[in-house]
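J.: File follows, coords09.cif with mmCIF, C-alpha atoms and all ligand atoms:
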data_model
loop_
_atom_site.group_PDB
_atom_site.id
_atom_site.type_symbol
_atom_site.label_atom_id
_atom_site.label_comp_id
_atom_site.auth_asym_id
_atom_site.auth_seq_id
_atom_site.Cartn_x
_atom_site.Cartn_y
_atom_site.Cartn_z
ATOM 1 C CA SER A 1 77.847 -78.107 17.165
ATOM 2 C CA ILE A 2 80.245 -77.307 19.971
ATOM 3 C CA GLY A 3 79.930 -77.572 23.717
ATOM 4 C CA TYR A 4 81.859 -76.479 26.783
ATOM 5 C CA PHE A 5 82.135 -78.090 30.208
ATOM 6 C CA ASN A 6 84.274 -76.813 33.070
ATOM 7 C CA GLY A 7 87.198 -75.455 31.091
ATOM 8 C CA ALA A 8 87.244 -77.697 28.032
ATOM 9 C CA PHE A 9 85.658 -77.582 24.583
ATOM 10 C CA TYR A 10 84.167 -80.652 22.913
ATOM 11 C CA PRO A 11 81.786 -81.669 20.127
ATOM 12 C CA ILE A 12 78.389 -81.722 21.875
ATOM 13 C CA GLU A 13 77.819 -85.453 21.491
ATOM 14 C CA GLN A 14 81.107 -86.202 23.290
ATOM 15 C CA ILE A 15 80.380 -84.296 26.496
ATOM 16 C CA VAL A 16 79.863 -86.545 29.498
ATOM 17 C CA ILE A 17 78.702 -85.033 32.798
ATOM 18 C CA PRO A 18 79.743 -86.785 36.048
ATOM 19 C CA ILE A 19 76.865 -88.652 37.715
ATOM 20 C CA ASP A 20 77.282 -86.592 40.912
ATOM 21 C CA GLU A 21 76.813 -83.297 39.047
ATOM 22 C CA ARG A 22 74.140 -81.343 40.926
ATOM 23 C CA GLY A 23 72.390 -80.131 37.791
ATOM 24 C CA HIS A 24 71.862 -83.775 36.917
ATOM 25 C CA GLN A 25 70.757 -84.930 40.378
ATOM 26 C CA PHE A 26 68.913 -81.922 41.783
ATOM 27 C CA GLY A 27 68.396 -79.427 38.974
ATOM 28 C CA ASP A 28 70.443 -77.274 41.371
ATOM 29 C CA GLY A 29 71.336 -74.471 39.008
ATOM 30 C CA VAL A 30 70.301 -71.704 36.646
ATOM 31 C CA TYR A 31 70.483 -71.126 32.910
ATOM 32 C CA GLU A 32 70.226 -68.661 30.025
ATOM 33 C CA VAL A 33 69.513 -68.873 26.306
ATOM 34 C CA ILE A 34 71.108 -66.126 24.223
ATOM 35 C CA ARG A 35 70.711 -65.622 20.487
ATOM 36 C CA ILE A 36 73.376 -64.545 18.027
ATOM 37 C CA TYR A 37 72.331 -62.939 14.729
ATOM 38 C CA GLU A 38 75.029 -62.556 12.053
ATOM 39 C CA ASP A 39 77.799 -62.867 14.680
ATOM 40 C CA ALA A 40 76.198 -60.210 16.896
ATOM 41 C CA PHE A 41 74.893 -61.120 20.355
ATOM 42 C CA PHE A 42 71.343 -59.894 20.985
ATOM 43 C CA MET A 43 71.080 -58.067 24.326
ATOM 44 C CA LEU A 44 74.057 -59.916 25.835
ATOM 45 C CA ASP A 45 74.443 -57.569 28.816
ATOM 46 C CA GLU A 46 70.823 -58.067 29.829
ATOM 47 C CA HIS A 47 71.145 -61.856 29.651
ATOM 48 C CA ILE A 48 74.366 -61.807 31.726
ATOM 49 C CA GLN A 49 72.739 -59.585 34.332
ATOM 50 C CA ARG A 50 69.750 -61.923 34.569
ATOM 51 C CA LEU A 51 72.060 -64.957 34.853
ATOM 52 C CA PHE A 52 73.909 -63.404 37.783
ATOM 53 C CA LYS A 53 70.623 -62.338 39.406
ATOM 54 C CA SER A 54 69.250 -65.880 39.096
ATOM 55 C CA ALA A 55 72.471 -67.293 40.574
ATOM 56 C CA LYS A 56 72.381 -64.862 43.472
ATOM 57 C CA ALA A 57 68.741 -65.699 44.172
ATOM 58 C CA ILE A 58 69.691 -69.351 44.757
ATOM 59 C CA LYS A 59 72.894 -68.429 46.663
ATOM 60 C CA LEU A 60 75.105 -69.764 43.883
ATOM 61 C CA LYS A 61 78.494 -68.026 43.766
ATOM 62 C CA ILE A 62 79.792 -67.796 40.203
ATOM 63 C CA ASN A 63 83.619 -67.754 40.209
ATOM 64 C CA HIS A 64 83.723 -65.518 37.146
ATOM 65 C CA SER A 65 82.959 -61.802 37.028
ATOM 66 C CA GLU A 66 80.194 -60.721 34.651
ATOM 67 C CA ASN A 67 82.862 -59.614 32.180
ATOM 68 C CA GLU A 68 84.783 -62.882 32.402
ATOM 69 C CA MET A 69 81.568 -64.798 31.838
ATOM 70 C CA LYS A 70 80.822 -62.653 28.787
ATOM 71 C CA GLU A 71 84.292 -63.334 27.369
ATOM 72 C CA LEU A 72 83.920 -67.071 28.012
ATOM 73 C CA ILE A 73 80.569 -67.162 26.220
ATOM 74 C CA LYS A 74 82.055 -65.241 23.288
ATOM 75 C CA GLU A 75 84.960 -67.700 23.146
ATOM 76 C CA VAL A 76 82.635 -70.716 23.000
ATOM 77 C CA VAL A 77 80.512 -69.123 20.298
ATOM 78 C CA ALA A 78 83.616 -68.171 18.277
ATOM 79 C CA LYS A 79 84.845 -71.795 18.502
ATOM 80 C CA SER A 80 81.513 -72.991 17.092
ATOM 81 C CA ALA A 81 82.107 -70.958 13.917
ATOM 82 C CA LEU A 82 78.314 -70.426 13.743
ATOM 83 C CA SER A 83 77.036 -66.947 12.806
ATOM 84 C CA ASN A 84 73.334 -67.495 13.581
ATOM 85 C CA CYS A 85 73.016 -69.588 16.687
ATOM 86 C CA ASP A 86 71.656 -70.015 20.195
ATOM 87 C CA VAL A 87 73.999 -70.434 23.114
ATOM 88 C CA TYR A 88 72.662 -72.312 26.144
ATOM 89 C CA ILE A 89 74.520 -71.597 29.382
ATOM 90 C CA GLN A 90 73.967 -73.632 32.539
ATOM 91 C CA ILE A 91 75.594 -73.012 35.910
ATOM 92 C CA THR A 92 75.153 -75.492 38.745
ATOM 93 C CA ARG A 93 76.388 -75.962 42.291
ATOM 94 C CA GLY A 94 79.073 -78.329 41.040
ATOM 95 C CA ILE A 95 80.120 -81.940 41.463
ATOM 96 C CA ALA A 96 79.945 -83.595 44.883
ATOM 97 C CA PRO A 97 78.566 -86.790 46.478
ATOM 98 C CA ARG A 98 74.777 -86.524 46.636
ATOM 99 C CA ASN A 99 73.636 -84.518 49.663
ATOM 100 C CA HIS A 100 70.952 -81.855 49.790
ATOM 101 C CA LEU A 101 73.236 -79.401 51.629
ATOM 102 C CA PHE A 102 75.370 -77.048 49.525
ATOM 103 C CA PRO A 103 78.668 -78.768 48.646
ATOM 104 C CA ASP A 104 82.101 -77.250 49.054
ATOM 105 C CA ALA A 105 82.778 -77.492 45.333
ATOM 106 C CA PRO A 106 83.406 -75.098 42.474
ATOM 107 C CA VAL A 107 80.339 -74.361 40.365
ATOM 108 C CA SER A 108 79.995 -76.154 37.027
ATOM 109 C CA VAL A 109 79.643 -74.125 33.847
ATOM 110 C CA SER A 110 78.367 -75.831 30.726
ATOM 111 C CA MET A 111 77.369 -74.416 27.361
ATOM 112 C CA THR A 112 76.135 -75.613 24.017
ATOM 113 C CA VAL A 113 76.023 -73.663 20.771
ATOM 114 C CA LYS A 114 73.547 -74.731 18.102
ATOM 115 C CA PRO A 115 72.235 -73.185 14.880
ATOM 116 C CA SER A 116 69.144 -71.050 15.541
ATOM 117 C CA LYS A 117 65.830 -72.397 14.288
ATOM 118 C CA VAL A 118 64.864 -69.679 11.874
ATOM 119 C CA ILE A 119 61.108 -69.065 11.799
ATOM 120 C CA ASN A 120 60.208 -68.218 8.216
ATOM 121 C CA ASP A 121 57.677 -65.558 7.225
ATOM 122 C CA SER A 122 54.951 -68.005 6.245
ATOM 123 C CA ILE A 123 55.047 -69.702 9.653
ATOM 124 C CA ARG A 124 54.863 -66.381 11.465
ATOM 125 C CA GLN A 125 52.121 -65.175 9.130
ATOM 126 C CA LYS A 126 50.146 -68.306 9.997
ATOM 127 C CA GLY A 127 50.716 -67.853 13.735
ATOM 128 C CA LYS A 128 50.404 -70.491 16.446
ATOM 129 C CA THR A 129 47.677 -71.944 18.641
ATOM 130 C CA ALA A 130 47.674 -72.278 22.424
ATOM 131 C CA ILE A 131 45.819 -73.761 25.366
ATOM 132 C CA PHE A 132 45.218 -72.414 28.846
ATOM 133 C CA HIS A 133 46.820 -74.518 31.575
ATOM 134 C CA GLU A 134 46.979 -74.263 35.345
ATOM 135 C CA ASP A 135 50.270 -72.644 36.458
ATOM 136 C CA GLU A 136 51.603 -75.366 38.736
ATOM 137 C CA ARG A 137 55.066 -73.865 39.222
ATOM 138 C CA TRP A 138 56.750 -72.707 42.428
ATOM 139 C CA ALA A 139 56.769 -69.282 44.069
ATOM 140 C CA ASN A 140 60.006 -67.999 42.443
ATOM 141 C CA CYS A 141 59.450 -68.046 38.706
ATOM 142 C CA HIS A 142 61.557 -64.886 38.289
ATOM 143 C CA ILE A 143 64.591 -67.176 38.751
ATOM 144 C CA LYS A 144 65.639 -68.923 35.526
ATOM 145 C CA SER A 145 66.041 -72.214 37.367
ATOM 146 C CA LEU A 146 66.829 -75.588 35.793
ATOM 147 C CA ASN A 147 63.715 -77.068 37.415
ATOM 148 C CA LEU A 148 61.281 -77.026 34.516
ATOM 149 C CA LEU A 149 59.037 -80.011 35.217
ATOM 150 C CA PRO A 150 55.727 -78.068 35.414
ATOM 151 C CA ASN A 151 56.726 -76.145 32.264
ATOM 152 C CA ILE A 152 57.494 -79.392 30.446
ATOM 153 C CA LEU A 153 54.215 -81.021 31.494
ATOM 154 C CA ALA A 154 52.187 -77.991 30.377
ATOM 155 C CA LYS A 155 54.060 -77.722 27.056
ATOM 156 C CA GLN A 156 53.489 -81.423 26.410
ATOM 157 C CA ALA A 157 49.771 -80.988 27.203
ATOM 158 C CA ALA A 158 49.676 -78.196 24.588
ATOM 159 C CA PHE A 159 51.400 -80.432 22.058
ATOM 160 C CA GLU A 160 49.001 -83.301 22.727
ATOM 161 C CA ALA A 161 46.107 -80.873 22.166
ATOM 162 C CA GLY A 162 47.624 -80.036 18.764
ATOM 163 C CA CYS A 163 48.883 -76.658 20.010
ATOM 164 C CA TYR A 164 52.194 -74.872 20.305
ATOM 165 C CA GLU A 165 52.229 -73.201 23.708
ATOM 166 C CA ALA A 166 50.447 -73.455 27.045
ATOM 167 C CA ILE A 167 49.416 -70.123 28.538
ATOM 168 C CA LEU A 168 49.662 -70.510 32.300
ATOM 169 C CA VAL A 169 46.939 -69.308 34.657
ATOM 170 C CA LYS A 170 47.470 -68.708 38.372
ATOM 171 C CA ASP A 171 44.632 -67.675 40.720
ATOM 172 C CA GLY A 172 42.496 -66.715 37.722
ATOM 173 C CA PHE A 173 45.114 -64.529 36.006
ATOM 174 C CA VAL A 174 47.463 -65.204 33.086
ATOM 175 C CA THR A 175 51.105 -65.356 34.191
ATOM 176 C CA GLU A 176 53.129 -66.320 31.095
ATOM 177 C CA GLY A 177 53.758 -69.164 28.671
ATOM 178 C CA THR A 178 55.785 -72.291 29.520
ATOM 179 C CA SER A 179 58.794 -70.656 27.861
ATOM 180 C CA SER A 180 57.515 -67.269 26.729
ATOM 181 C CA ASN A 181 55.864 -64.048 27.881
ATOM 182 C CA VAL A 182 52.259 -63.300 26.862
ATOM 183 C CA TYR A 183 50.738 -60.043 25.514
ATOM 184 C CA MET A 184 47.430 -58.781 24.179
ATOM 185 C CA ILE A 185 46.729 -55.824 21.882
ATOM 186 C CA THR A 186 43.477 -53.883 22.102
ATOM 187 C CA ASP A 187 42.865 -50.295 20.900
ATOM 188 C CA LYS A 188 46.546 -49.475 20.262
ATOM 189 C CA THR A 189 47.428 -50.709 23.764
ATOM 190 C CA ILE A 190 49.768 -53.619 24.414
ATOM 191 C CA THR A 191 49.116 -55.215 27.785
ATOM 192 C CA THR A 192 51.373 -57.749 29.471
ATOM 193 C CA THR A 193 51.615 -59.273 32.941
ATOM 194 C CA PRO A 194 53.557 -57.063 35.371
ATOM 195 C CA LEU A 195 56.948 -58.282 36.603
ATOM 196 C CA SER A 196 56.807 -60.186 39.877
ATOM 197 C CA LYS A 197 58.066 -63.444 41.356
ATOM 198 C CA HIS A 198 55.372 -65.215 39.312
ATOM 199 C CA ILE A 199 56.979 -64.654 35.898
ATOM 200 C CA LEU A 200 60.369 -64.546 34.240
ATOM 201 C CA ALA A 201 61.473 -61.047 33.261
ATOM 202 C CA GLY A 202 61.959 -61.789 29.566
ATOM 203 C CA ILE A 203 64.779 -60.071 27.720
ATOM 204 C CA THR A 204 62.642 -59.984 24.567
ATOM 205 C CA ARG A 205 59.992 -58.289 26.742
ATOM 206 C CA ILE A 206 62.401 -55.392 27.401
ATOM 207 C CA ALA A 207 62.830 -54.895 23.648
ATOM 208 C CA VAL A 208 59.084 -55.206 22.977
ATOM 209 C CA LYS A 209 58.356 -52.517 25.549
ATOM 210 C CA GLU A 210 60.735 -50.116 23.781
ATOM 211 C CA VAL A 211 59.527 -51.052 20.304
ATOM 212 C CA ALA A 212 55.885 -50.623 21.343
ATOM 213 C CA THR A 213 56.625 -47.090 22.506
ATOM 214 C CA GLU A 214 58.526 -46.295 19.274
ATOM 215 C CA LEU A 215 55.442 -47.357 17.316
ATOM 216 C CA GLY A 216 53.054 -45.238 19.376
ATOM 217 C CA PHE A 217 51.402 -48.060 21.297
ATOM 218 C CA GLN A 218 50.549 -47.642 24.946
ATOM 219 C CA PHE A 219 52.455 -50.300 26.922
ATOM 220 C CA VAL A 220 50.583 -51.389 30.014
ATOM 221 C CA GLU A 221 51.845 -53.840 32.622
ATOM 222 C CA LYS A 222 48.698 -55.140 34.259
ATOM 223 C CA SER A 223 47.345 -58.605 35.038
ATOM 224 C CA PHE A 224 44.507 -59.956 32.907
ATOM 225 C CA THR A 225 42.239 -62.997 32.965
ATOM 226 C CA PRO A 226 41.942 -65.715 30.316
ATOM 227 C CA ASP A 227 38.548 -64.205 29.328
ATOM 228 C CA GLU A 228 40.126 -60.778 28.788
ATOM 229 C CA LEU A 229 42.843 -62.373 26.656
ATOM 230 C CA LEU A 230 40.181 -64.087 24.529
ATOM 231 C CA GLU A 231 38.485 -60.701 24.002
ATOM 232 C CA ALA A 232 41.676 -59.009 22.713
ATOM 233 C CA ASP A 233 42.159 -57.870 19.112
ATOM 234 C CA GLU A 234 45.488 -59.710 18.921
ATOM 235 C CA VAL A 235 47.566 -61.972 21.161
ATOM 236 C CA PHE A 236 51.255 -62.771 20.899
ATOM 237 C CA ILE A 237 54.086 -64.425 22.818
ATOM 238 C CA THR A 238 57.769 -63.557 22.962
ATOM 239 C CA SER A 239 60.999 -65.380 23.728
ATOM 240 C CA THR A 240 64.595 -65.476 22.588
ATOM 241 C CA THR A 241 63.890 -68.392 20.252
ATOM 242 C CA ASN A 242 60.393 -67.350 19.023
ATOM 243 C CA GLU A 243 61.094 -63.619 18.878
ATOM 244 C CA ILE A 244 57.506 -62.352 18.460
ATOM 245 C CA MET A 245 54.919 -64.989 17.551
ATOM 246 C CA PRO A 246 51.202 -64.333 16.920
ATOM 247 C CA ILE A 247 48.732 -66.556 18.795
ATOM 248 C CA VAL A 248 45.620 -67.090 16.673
ATOM 249 C CA SER A 249 43.483 -69.238 18.953
ATOM 250 C CA ILE A 250 43.393 -70.467 22.556
ATOM 251 C CA ASP A 251 41.469 -73.597 23.579
ATOM 252 C CA GLY A 252 40.057 -73.594 20.046
ATOM 253 C CA LYS A 253 38.628 -70.060 20.352
ATOM 254 C CA SER A 254 39.807 -67.673 17.631
ATOM 255 C CA ILE A 255 41.366 -64.337 18.524
ATOM 256 C CA ARG A 256 39.541 -61.404 16.844
ATOM 257 C CA ASN A 257 42.190 -60.250 14.343
ATOM 258 C CA SER A 258 43.825 -63.633 13.963
ATOM 259 C CA ASP A 259 43.571 -63.435 10.169
ATOM 260 C CA SER A 260 45.509 -60.206 9.680
ATOM 261 C CA LYS A 261 47.688 -60.158 12.836
ATOM 262 C CA GLU A 262 48.550 -56.714 11.497
ATOM 263 C CA GLN A 263 49.642 -55.008 14.697
ATOM 264 C CA THR A 264 51.641 -57.958 16.000
ATOM 265 C CA LEU A 265 53.476 -58.227 12.687
ATOM 266 C CA THR A 266 54.186 -54.478 12.790
ATOM 267 C CA VAL A 267 55.739 -54.900 16.237
ATOM 268 C CA PHE A 268 57.712 -57.883 14.924
ATOM 269 C CA LYS A 269 59.060 -55.896 11.954
ATOM 270 C CA GLN A 270 60.173 -53.047 14.180
ATOM 271 C CA PHE A 271 61.741 -55.542 16.619
ATOM 272 C CA MET A 272 63.740 -57.187 13.815
ATOM 273 C CA LYS A 273 65.338 -53.826 12.951
ATOM 274 C CA ARG A 274 67.224 -54.238 16.228
ATOM 275 C CA VAL A 275 68.813 -57.526 15.322
ATOM 276 C CA LYS A 276 70.218 -56.502 11.941
HETATM 277 N N1 LIG B 1 62.708 -69.379 27.652
HETATM 278 N N2 LIG B 1 59.119 -67.053 30.424
HETATM 279 C C1 LIG B 1 59.689 -68.272 30.580
HETATM 280 C C2 LIG B 1 59.127 -69.197 31.609
HETATM 281 C C3 LIG B 1 60.803 -68.630 29.793
HETATM 282 O O1 LIG B 1 61.378 -69.825 29.954
HETATM 283 C C4 LIG B 1 61.295 -67.720 28.807
HETATM 284 C C5 LIG B 1 62.487 -68.032 27.947
HETATM 285 C C6 LIG B 1 60.654 -66.466 28.671
HETATM 286 C C7 LIG B 1 61.113 -65.433 27.671
HETATM 287 O O2 LIG B 1 62.370 -64.903 28.044
HETATM 288 P P1 LIG B 1 63.404 -64.309 26.991
HETATM 289 O O3 LIG B 1 62.679 -63.300 26.197
HETATM 290 O O4 LIG B 1 64.484 -63.730 27.837
HETATM 291 O O5 LIG B 1 63.889 -65.473 26.149
HETATM 292 C C8 LIG B 1 59.574 -66.175 29.503
HETATM 293 C C9 LIG B 1 63.936 -69.794 27.030
HETATM 294 C C10 LIG B 1 64.144 -69.252 25.668
HETATM 295 C C11 LIG B 1 64.009 -71.303 27.110
HETATM 296 O O6 LIG B 1 63.688 -71.817 28.177
HETATM 297 O O7 LIG B 1 64.417 -71.947 26.139
#
Can you give me the file's structure in the form of structure tokens?
Ligand code: PDD
T.:
Amino acid sequence: SIGYFNGAFYPIEQIVIPIDERGHQFGDGVYEVIRIYEDAFFMLDEHIQRLFKSAKAIKLKINHSENEMKELIKEVVAKSALSNCDVYIQITRGIAPRNHLFPDAPVSVSMTVKPSKVINDSIRQKGKTAIFHEDERWANCHIKSLNLLPNILAKQAAFEAGCYEAILVKDGFVTEGTSSNVYMITDKTITTTPLSKHILAGITRIAVKEVATELGFQFVEKSFTPDELLEADEVFITSTTNEIMPIVSIDGKSIRNSDSKEQTLTVFKQFMKRVK
């Protein structure tokens, strides 16, 4: 696998980041994960736009234009020679002696390209389990910030409970997963949490909204409680790496149609037409 750091390309295991890099010391930066299917970027423009929005929201000035950044990402992916891969892009406030104030330094850009973890049909057909977990994150979750400690702790809690994802709950309402958006299906209606500063505006979510409409579902953006989620016919999560994944139980309680997952799998099939 190949990596990139501030102008040079290296095998991933050879990249060394200076100790005074602000991503390392402060998590002072933003990131994106973009998927490539058969050499084609999935929703690249949307990811680039979100990257620049995140950067702007933390007053980080990227030296590249959106187009230059796109070309750079394409160059790194081409160098990897991988056709089905995930590119991770991280931009930080650069390298400077440790000081909380913004440094007068160029931003750092790093990337890694790795083969995508393909989720086979039997795994998706089986679905995944989840737990509810208090959303302990900050007030600006719409920014794809490097600071992921609450996400990591919640994901680890899910793992230790024998589950795959933690569904986060803030003030009695579901926000999102630790690294995914959350949806429920009831009576041909797909409901997901409305966009706000409390969740990340998922790129997969944009596609799911369009696909849902194509399939004749109502798509409703409205907050819901953990109890309402447990009452749904079907529950699923989405992300760049999971695509669309059925959730079959939460805190050990089965979701109604968790055996068939029929509607979720229909949405998944329609979604996959976009990547081929
Ligand atoms: N996670 N919500 C959170 C908190 C996320 O971290 C992610 C993505 C999503 C889904 O966004 P998208 O559909 O654009 O991937 C929602 C990435 C994949 C990650 O952190 O690895």
J.: Under the rule that all atoms listed in the file are counted, which of A:Val275, A:Ala139, A:Ala157, A:Val220 is the nearest residue to Asp39 (chain A)?
T.: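 Closest candidate: A:Val275.
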J.: Produce as a list in words the set of residues near ligand LIG 1 (chain B), where near means within 6 Å with only C-alpha atoms and all ligand atoms considered.
T.: Val33, Thr178, Ser179, Ser180, Asn181, Leu200, Gly202, Ile203, Thr204, Arg205, Thr238, Ser239, Thr240 and Thr241 of chain A
J.: Could you tell me which residues the PyMOL selection byres (((chain A and resi 93-104) around 9) and not hetatm) returns for this structure, as a PyMOL selection string?
T.: chain A and resi 18-23+25-26+28-29+60-61+91-92+105-109
J.: Hey, can you pull every residue with an atom no more than 6 Å from (66.9, -68.7, 37.2), using only C-alpha atoms, and send it as a PDB file with C-alpha atoms, keeping the file's coordinate frame?
T.:
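Writing done, so here's result11.pdb:
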ATOM      1  CA  VAL A  30      70.301 -71.704  36.646  1.00  0.00           C
ATOM      2  CA  SER A  54      69.250 -65.880  39.096  1.00  0.00           C
ATOM      3  CA  ILE A 143      64.591 -67.176  38.751  1.00  0.00           C
ATOM      4  CA  LYS A 144      65.639 -68.923  35.526  1.00  0.00           C
ATOM      5  CA  SER A 145      66.041 -72.214  37.367  1.00  0.00           C
TER       6      SER A 145
END
J.: For a cutoff of 10 Å around the file-coordinate point (58.7, -53.5, 21.0), which residues qualify once you count only C-alpha atoms? I'd like the result as a PyMOL selection string.
T.: chain A and resi 190+204-215+217+219+244+264+266-272+274
J.: Now that the selection is made, can you save its residues with C-alpha atoms as a PDB file, in the coordinates of the input?
T.:
ATOM      1  CA  ILE A 190      49.768 -53.619  24.414  1.00  0.00           C
ATOM      2  CA  THR A 204      62.642 -59.984  24.567  1.00  0.00           C
ATOM      3  CA  ARG A 205      59.992 -58.289  26.742  1.00  0.00           C
ATOM      4  CA  ILE A 206      62.401 -55.392  27.401  1.00  0.00           C
ATOM      5  CA  ALA A 207      62.830 -54.895  23.648  1.00  0.00           C
ATOM      6  CA  VAL A 208      59.084 -55.206  22.977  1.00  0.00           C
ATOM      7  CA  LYS A 209      58.356 -52.517  25.549  1.00  0.00           C
ATOM      8  CA  GLU A 210      60.735 -50.116  23.781  1.00  0.00           C
ATOM      9  CA  VAL A 211      59.527 -51.052  20.304  1.00  0.00           C
ATOM     10  CA  ALA A 212      55.885 -50.623  21.343  1.00  0.00           C
ATOM     11  CA  THR A 213      56.625 -47.090  22.506  1.00  0.00           C
ATOM     12  CA  GLU A 214      58.526 -46.295  19.274  1.00  0.00           C
ATOM     13  CA  LEU A 215      55.442 -47.357  17.316  1.00  0.00           C
ATOM     14  CA  PHE A 217      51.402 -48.060  21.297  1.00  0.00           C
ATOM     15  CA  PHE A 219      52.455 -50.300  26.922  1.00  0.00           C
ATOM     16  CA  ILE A 244      57.506 -62.352  18.460  1.00  0.00           C
ATOM     17  CA  THR A 264      51.641 -57.958  16.000  1.00  0.00           C
ATOM     18  CA  THR A 266      54.186 -54.478  12.790  1.00  0.00           C
ATOM     19  CA  VAL A 267      55.739 -54.900  16.237  1.00  0.00           C
ATOM     20  CA  PHE A 268      57.712 -57.883  14.924  1.00  0.00           C
ATOM     21  CA  LYS A 269      59.060 -55.896  11.954  1.00  0.00           C
ATOM     22  CA  GLN A 270      60.173 -53.047  14.180  1.00  0.00           C
ATOM     23  CA  PHE A 271      61.741 -55.542  16.619  1.00  0.00           C
ATOM     24  CA  MET A 272      63.740 -57.187  13.815  1.00  0.00           C
ATOM     25  CA  ARG A 274      67.224 -54.238  16.228  1.00  0.00           C
TER      26      ARG A 274
END
J.: Using all atoms listed in the file, determine which residues lie at most 7 Å from region 150-156 of chain A, disregarding the query and same-chain residues fewer than 5 positions distant; provide the list as a list in words.
T.: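 My reading of the contact set: His133, Glu136, Arg137, Glu165, Ala166 and Thr178 of chain A.
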J.: Residues near Lys79 (chain A), anyone? I mean within 10 Å using all atoms listed in the file, not counting same-chain ones fewer than 4 positions away, as a list in words.
T.: Ser1, Ile2, Gly3, Tyr4, Phe9, Tyr10, Ile73, Lys74, Glu75 and Val113 of chain A
J.: Which is closest to Ala161 (chain A) among A:Glu32, A:Glu234, A:Ala130, A:Leu149, if we use only C-alpha atoms?
T.: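 Using only C-alpha atoms, Ala161 (chain A) sits closest to A:Ala130.
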J.: Expanded to explicit residues, what is the PyMOL selection byres (((chain A and resi 127) around 9) and not hetatm) for this file, as a PyMOL selection string?
T.: chain A and resi 122-126+128-129+236+245-248+258+261
J.: Give me, please, the distance in Å between CA of Thr192 (chain A) and CA of Ser223 (chain A), quoted to one decimal.
T.: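 CA of Ser223 (chain A) lies at a distance of 6.9 Å from CA of Thr192 (chain A).
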J.: Leaving out Val87 (chain A) and any residue of its chain fewer than 6 positions from it, which residues lie within 8 Å of it when counting all atoms listed in the file, given as a count of residues only?
T.: 10
J.: Rounded to one decimal in Å, what is the spacing between CA of Pro115 (chain A) and CA of Ser80 (chain A)?
T.: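 So the two atoms, CA of Pro115 (chain A) and CA of Ser80 (chain A), lie 9.5 Å apart.
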J.: Edge lengths and centre in Å to one decimal, as JSON, of the axis-aligned box that encloses all listed atoms of region 7-18 of chain A with 4 Å added on every side?
T.:
{"center_x": 82.5, "center_y": -81.1, "center_z": 28.1, "size_x": 17.4, "size_y": 19.3, "size_z": 23.9}
J.: Between CA of Ala201 (chain A) and CA of Asn84 (chain A), what is the distance, to one decimal in Å?
T.: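 Going from CA of Ala201 (chain A) over to CA of Asn84 (chain A), I get 23.9 Å.
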J.: Return the single residue from A:Arg50, A:Pro194, A:Lys273, A:Asp187 that is closest to Glu231 (chain A), with distances computed using all atoms listed in the file.
T.: A:Asp187
J.: Tell me which of A:Ala158, A:Ile167, A:Gly216, A:Glu228 sits closest to Met184 (chain A), counting only C-alpha atoms.
T.: A:Glu228
J.: Select, from A:Phe224, A:Phe132, A:Tyr88, A:Phe5, the residue with the minimum atom-to-atom distance to Leu51 (chain A), counting all atoms listed in the file.
T.: A:Tyr88
J.: Just the residues within 6 Å of Asp233 (chain A), please, counting only C-alpha atoms, with nothing from its chain fewer than 2 positions along; format it as number ranges by chain.
T.: A: 185-186, 256-257
J.: Go ahead and dump the residues you just picked, C-alpha atoms, as a compact mmCIF listing (two decimals), keeping the file's coordinate frame.
T.:
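Writing done, so here's selection.txt:
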# COMPACT_ATOMS: atom_id res chain seq x y z
CA ILE A 185 46.73 -55.82 21.88
CA THR A 186 43.48 -53.88 22.10
CA ARG A 256 39.54 -61.40 16.84
CA ASN A 257 42.19 -60.25 14.34
J.: I need the residue nearest His24 (chain A) from this list: A:Leu146, A:Lys53, A:Pro226, A:Ile62. Use only C-alpha atoms for the distance.
T.: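 That would be A:Leu146, the residue with the smallest distance to His24 (chain A).
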J.: Which residues, named as in the file, does the PyMOL selection byres (((chain A and resi 199) around 7) and not hetatm) pick out? Answer as a ChimeraX atom specification.
T.: /A:141-142,175-176,195-198,200-201
J.: Emit region 91-111 of chain A of the structure in the block as a file comprising C-alpha atoms, as a short mmCIF file (atom, residue, chain, number, x, y, z; two decimals), in the first residue's frame.
T.:
data_model
loop_
_atom_site.label_atom_id
_atom_site.label_comp_id
_atom_site.auth_asym_id
_atom_site.auth_seq_id
_atom_site.Cartn_x
_atom_site.Cartn_y
_atom_site.Cartn_z
CA ILE A 91 -5.04 17.75 6.49
CA THR A 92 -3.57 19.37 9.59
CA ARG A 93 -2.34 22.78 10.67
CA GLY A 94 1.23 21.73 9.90
CA ILE A 95 4.52 21.28 11.70
CA ALA A 96 5.60 23.77 14.37
CA PRO A 97 6.89 23.76 17.97
CA ARG A 98 4.03 22.83 20.29
CA ASN A 99 1.83 25.83 21.08
CA HIS A 100 -1.95 25.97 21.16
CA LEU A 101 -2.06 29.10 18.97
CA PHE A 102 -2.23 28.61 15.20
CA PRO A 103 1.31 28.29 13.79
CA ASP A 104 2.67 30.19 10.83
CA ALA A 105 3.29 26.98 8.91
CA PRO A 106 2.02 25.37 5.73
CA VAL A 107 -0.69 22.77 6.29
CA SER A 108 0.31 19.10 6.17
CA VAL A 109 -1.40 16.78 3.71
CA SER A 110 -1.13 13.05 4.22
CA MET A 111 -2.86 10.17 2.47
#
